[in-house]
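Novice: Could you have a look at this structure, given as structure tokens, before my questions?
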Amino acid sequence: MIRKAATVVVVLCLSSVSLHAESTKLTVSATSASVYKSPSVGSPVIGKAARGTSLEVSREVGDWVKVSWPDAPDGFGYVRSTMGSISRNGITTQARANASPTSKTATAAKPAAAPAAAKAAPVTATQAPRPVVQQPAQPTAIRASAPSPVIQPPTHTLGFGGRMGGTTFGVGGSARAWSKRRFGAQLDVSHYSITSPIQIGSFSATQFGPSVLFAMKDNITDHVWMRPYFGAGVDWTHASLSGVTPGLTESSNTLGGRIFGGSEFMFSSVPQFGLSLDIGYYSMPAPFVGWEMKGVGAAVSAHWYIK
């Protein structure tokens, strides 16, 4: 049941793609910029870009940019954005570049040429100065290129959603928050209702599960952003058992813990949505004799990030 539900959600998320495209380039201003295989300084260096090189940007990933690099096996590489200036649709955001090198050269040459012209033909008092008309620089081949799609991974900080699964099948709500240092916190509230063919009575439980998370290195592609994580937490359970004694309902409160690991998936078509799959071990004392809630369990959760 959990696998089918997860499959349906993934198919729906990948079925429609709505990206905002803009023409984005990185012009190297450092002496040289290293081109990496992946957005990490620990990944292999696959090339060097000299100063003044203009690189086509296909995606921005934090302080990295994914650029076209023909020498790479897949045709792309990653460069630190601090190695140059980024321009979007011709507007530079990191370094001012109001004039092209051609126009700067022409402007610098005119003051030197003016004295020579004055010696050859002095200007009389009745002559009005002639306006200097500067021809616009011709567009280069880079500016004429077609806009490339730029995918900016959203910042997932606080999200709310639902959860289902556990050692037994339960459904409930979930809230998750991430910090900039890969640490996160999660609060799950789940309800379980079980009828056993062996034991007498009907069992139900409400479980509160705060936990802490730690995210590992992200794996980012053009369509999916995968964030592996592991975590640990405690589970407080309020359980009720009815039907054993007519007219009497027993209740019990237990405290246990859990450790788990999984991954959260975000999609370019719905960047605010996160789908998580995890598996872990739940250590829970039995609230009643014969009703066990401990063991290995899997869970699926979904969060919609509001910021």
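Following the order of the structure tokens, chains are lettered A, B, ..., residues in each are numbered from 1, and ligands are numbered from 1.
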Neighbouring residues of Thr249 (chain A) were defined as those with any atom within 7 Å, considering only C-alpha atoms; residues of the same chain fewer than 5 positions away were excluded. Please report them as a ChimeraX atom specification.

Specialist: /A:240-242

Novice: Applying 9 Å and only C-alpha atoms, which residues near Tyr305 (chain A) remain after dropping the ones on its own chain fewer than 6 positions away? List them as a compact mmCIF listing (two decimals) with C-alpha atoms, in the first residue's frame.

Specialist:
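Saved file out.txt follows:
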# COMPACT_ATOMS: atom_id res chain seq x y z
CA THR A 155 15.17 26.86 0.16
CA HIS A 156 13.23 24.34 2.22
CA THR A 157 13.03 25.68 5.77
CA LEU A 158 9.58 24.93 7.21
CA GLY A 159 6.99 22.50 5.88
CA PHE A 160 3.74 20.86 6.95
CA GLY A 161 2.07 17.74 5.69
CA ARG A 176 9.52 19.46 9.46
CA ALA A 177 12.08 22.27 9.72
CA PRO A 271 9.58 22.86 -5.95
CA GLN A 272 7.74 23.49 -2.68
CA PHE A 273 6.70 19.84 -2.32
CA GLY A 274 8.85 17.25 -0.57

Novice: List the neighbours of region 47-50 of chain A out to 7 Å using only C-alpha atoms; skip same-chain residues closer than 5 positions along the sequence, and give me the result as a list in words.

Specialist: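 Skipping anything fewer than 5 positions along the chain leaves Val28, Thr31, Ser32, Ala33, Ser34 and Val35 of chain A.
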
Novice: Take the selection from the previous step and output its residues with C-alpha atoms, as a PDB file, in the first residue's frame.

Specialist:
ATOM      1  CA  VAL A  28      35.204  34.504 -15.009  1.00  0.00           C
ATOM      2  CA  THR A  31      42.860  34.397 -12.876  1.00  0.00           C
ATOM      3  CA  SER A  32      41.325  31.002 -13.563  1.00  0.00           C
ATOM      4  CA  ALA A  33      38.331  29.072 -12.298  1.00  0.00           C
ATOM      5  CA  SER A  34      38.316  25.350 -11.592  1.00  0.00           C
ATOM      6  CA  VAL A  35      35.503  23.361 -13.173  1.00  0.00           C
TER       7      VAL A  35
END

Novice: Counting only C-alpha atoms, what is within 6 Å of region 201-218 of chain A, bar same-chain residues fewer than 3 positions away, as an mmCIF file with N, CA and C atoms, in the first residue's frame?

Specialist:
data_model
loop_
_atom_site.group_PDB
_atom_site.id
_atom_site.type_symbol
_atom_site.label_atom_id
_atom_site.label_comp_id
_atom_site.auth_asym_id
_atom_site.auth_seq_id
_atom_site.Cartn_x
_atom_site.Cartn_y
_atom_site.Cartn_z
ATOM 1 N N ARG A 182 22.325 21.858 7.860
ATOM 2 C CA ARG A 182 21.915 20.481 7.586
ATOM 3 C C ARG A 182 21.226 19.797 8.768
ATOM 4 N N PHE A 183 21.033 20.493 9.855
ATOM 5 C CA PHE A 183 20.285 19.904 10.964
ATOM 6 C C PHE A 183 18.804 20.235 10.807
ATOM 7 N N GLY A 184 17.965 19.312 11.255
ATOM 8 C CA GLY A 184 16.540 19.516 11.144
ATOM 9 C C GLY A 184 15.795 18.966 12.339
ATOM 10 N N ALA A 185 14.528 19.299 12.415
ATOM 11 C CA ALA A 185 13.647 18.810 13.480
ATOM 12 C C ALA A 185 12.325 18.397 12.859
ATOM 13 N N GLN A 186 11.698 17.396 13.451
ATOM 14 C CA GLN A 186 10.448 16.876 12.915
ATOM 15 C C GLN A 186 9.517 16.493 14.059
ATOM 16 N N LEU A 187 8.228 16.716 13.850
ATOM 17 C CA LEU A 187 7.211 16.329 14.819
ATOM 18 C C LEU A 187 6.116 15.581 14.082
ATOM 19 N N ASP A 188 5.883 14.327 14.499
ATOM 20 C CA ASP A 188 4.847 13.492 13.896
ATOM 21 C C ASP A 188 3.760 13.196 14.920
ATOM 22 N N VAL A 189 2.517 13.226 14.463
ATOM 23 C CA VAL A 189 1.366 12.834 15.271
ATOM 24 C C VAL A 189 0.591 11.797 14.461
ATOM 25 N N SER A 190 0.540 10.559 14.966
ATOM 26 C CA SER A 190 -0.085 9.473 14.206
ATOM 27 C C SER A 190 -1.134 8.771 15.055
ATOM 28 N N HIS A 191 -2.115 8.214 14.365
ATOM 29 C CA HIS A 191 -3.171 7.447 15.029
ATOM 30 C C HIS A 191 -3.188 6.037 14.468
ATOM 31 N N TYR A 192 -3.239 5.050 15.364
ATOM 32 C CA TYR A 192 -3.261 3.641 14.987
ATOM 33 C C TYR A 192 -4.547 3.008 15.518
ATOM 34 N N SER A 193 -5.143 2.161 14.707
ATOM 35 C CA SER A 193 -6.329 1.408 15.116
ATOM 36 C C SER A 193 -6.160 -0.021 14.627
ATOM 37 N N ILE A 194 -6.135 -0.975 15.578
ATOM 38 C CA ILE A 194 -5.816 -2.361 15.251
ATOM 39 C C ILE A 194 -6.884 -3.276 15.830
ATOM 40 N N THR A 195 -7.289 -4.238 15.026
ATOM 41 C CA THR A 195 -8.151 -5.319 15.488
ATOM 42 C C THR A 195 -7.436 -6.640 15.224
ATOM 43 N N MET A 226 17.442 15.241 -4.393
ATOM 44 C CA MET A 226 17.359 14.203 -3.373
ATOM 45 C C MET A 226 18.223 14.586 -2.172
ATOM 46 N N ARG A 227 17.631 14.551 -0.972
ATOM 47 C CA ARG A 227 18.336 14.890 0.255
ATOM 48 C C ARG A 227 18.303 13.693 1.205
ATOM 49 N N PRO A 228 19.368 12.886 1.263
ATOM 50 C CA PRO A 228 19.408 11.763 2.227
ATOM 51 C C PRO A 228 19.547 12.298 3.655
ATOM 52 N N TYR A 229 18.995 11.560 4.596
ATOM 53 C CA TYR A 229 19.070 11.983 5.993
ATOM 54 C C TYR A 229 18.953 10.771 6.905
ATOM 55 N N PHE A 230 19.347 10.960 8.152
ATOM 56 C CA PHE A 230 19.070 9.981 9.197
ATOM 57 C C PHE A 230 18.671 10.751 10.445
ATOM 58 N N GLY A 231 17.998 10.071 11.359
ATOM 59 C CA GLY A 231 17.495 10.760 12.543
ATOM 60 C C GLY A 231 17.201 9.821 13.682
ATOM 61 N N ALA A 232 16.845 10.426 14.801
ATOM 62 C CA ALA A 232 16.488 9.684 16.006
ATOM 63 C C ALA A 232 15.496 10.517 16.798
ATOM 64 N N GLY A 233 14.643 9.835 17.549
ATOM 65 C CA GLY A 233 13.650 10.554 18.326
ATOM 66 C C GLY A 233 12.984 9.679 19.362
ATOM 67 N N VAL A 234 12.034 10.251 20.037
ATOM 68 C CA VAL A 234 11.264 9.546 21.065
ATOM 69 C C VAL A 234 9.808 9.489 20.621
ATOM 70 N N ASP A 235 9.086 8.504 21.126
ATOM 71 C CA ASP A 235 7.669 8.334 20.811
ATOM 72 C C ASP A 235 6.891 8.174 22.107
ATOM 73 N N TRP A 236 5.952 9.085 22.317
ATOM 74 C CA TRP A 236 5.051 8.967 23.469
ATOM 75 C C TRP A 236 3.700 8.503 22.934
ATOM 76 N N THR A 237 3.191 7.421 23.508
ATOM 77 C CA THR A 237 1.982 6.787 22.993
ATOM 78 C C THR A 237 0.919 6.707 24.078
ATOM 79 N N HIS A 238 -0.273 7.149 23.718
ATOM 80 C CA HIS A 238 -1.448 6.956 24.575
ATOM 81 C C HIS A 238 -2.327 5.917 23.905
ATOM 82 N N ALA A 239 -2.458 4.739 24.529
ATOM 83 C CA ALA A 239 -3.168 3.615 23.937
ATOM 84 C C ALA A 239 -4.428 3.302 24.731
ATOM 85 N N SER A 240 -5.430 2.783 24.022
ATOM 86 C CA SER A 240 -6.698 2.378 24.642
ATOM 87 C C SER A 240 -7.067 0.987 24.139
ATOM 88 N N LEU A 241 -7.618 0.187 25.039
ATOM 89 C CA LEU A 241 -8.049 -1.169 24.700
ATOM 90 C C LEU A 241 -9.478 -1.347 25.191
ATOM 91 N N SER A 242 -10.364 -1.673 24.264
ATOM 92 C CA SER A 242 -11.777 -1.846 24.613
ATOM 93 C C SER A 242 -12.262 -3.192 24.118
ATOM 94 N N GLY A 243 -13.346 -3.689 24.724
ATOM 95 C CA GLY A 243 -13.948 -4.935 24.292
ATOM 96 C C GLY A 243 -13.506 -6.148 25.064
ATOM 97 N N VAL A 244 -12.463 -6.006 25.891
ATOM 98 C CA VAL A 244 -12.031 -7.159 26.700
ATOM 99 C C VAL A 244 -13.025 -7.402 27.825
#

Novice: Which residues come within 7 Å of Leu26 (chain A), counting only C-alpha atoms, excluding same-chain residues fewer than 3 positions away, as a list in words?

Specialist: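 In the requested form, the answer reads Ser54, Leu55, Glu56, Val57, Gly84, Ser85, Ile86 and Ser87 of chain A.
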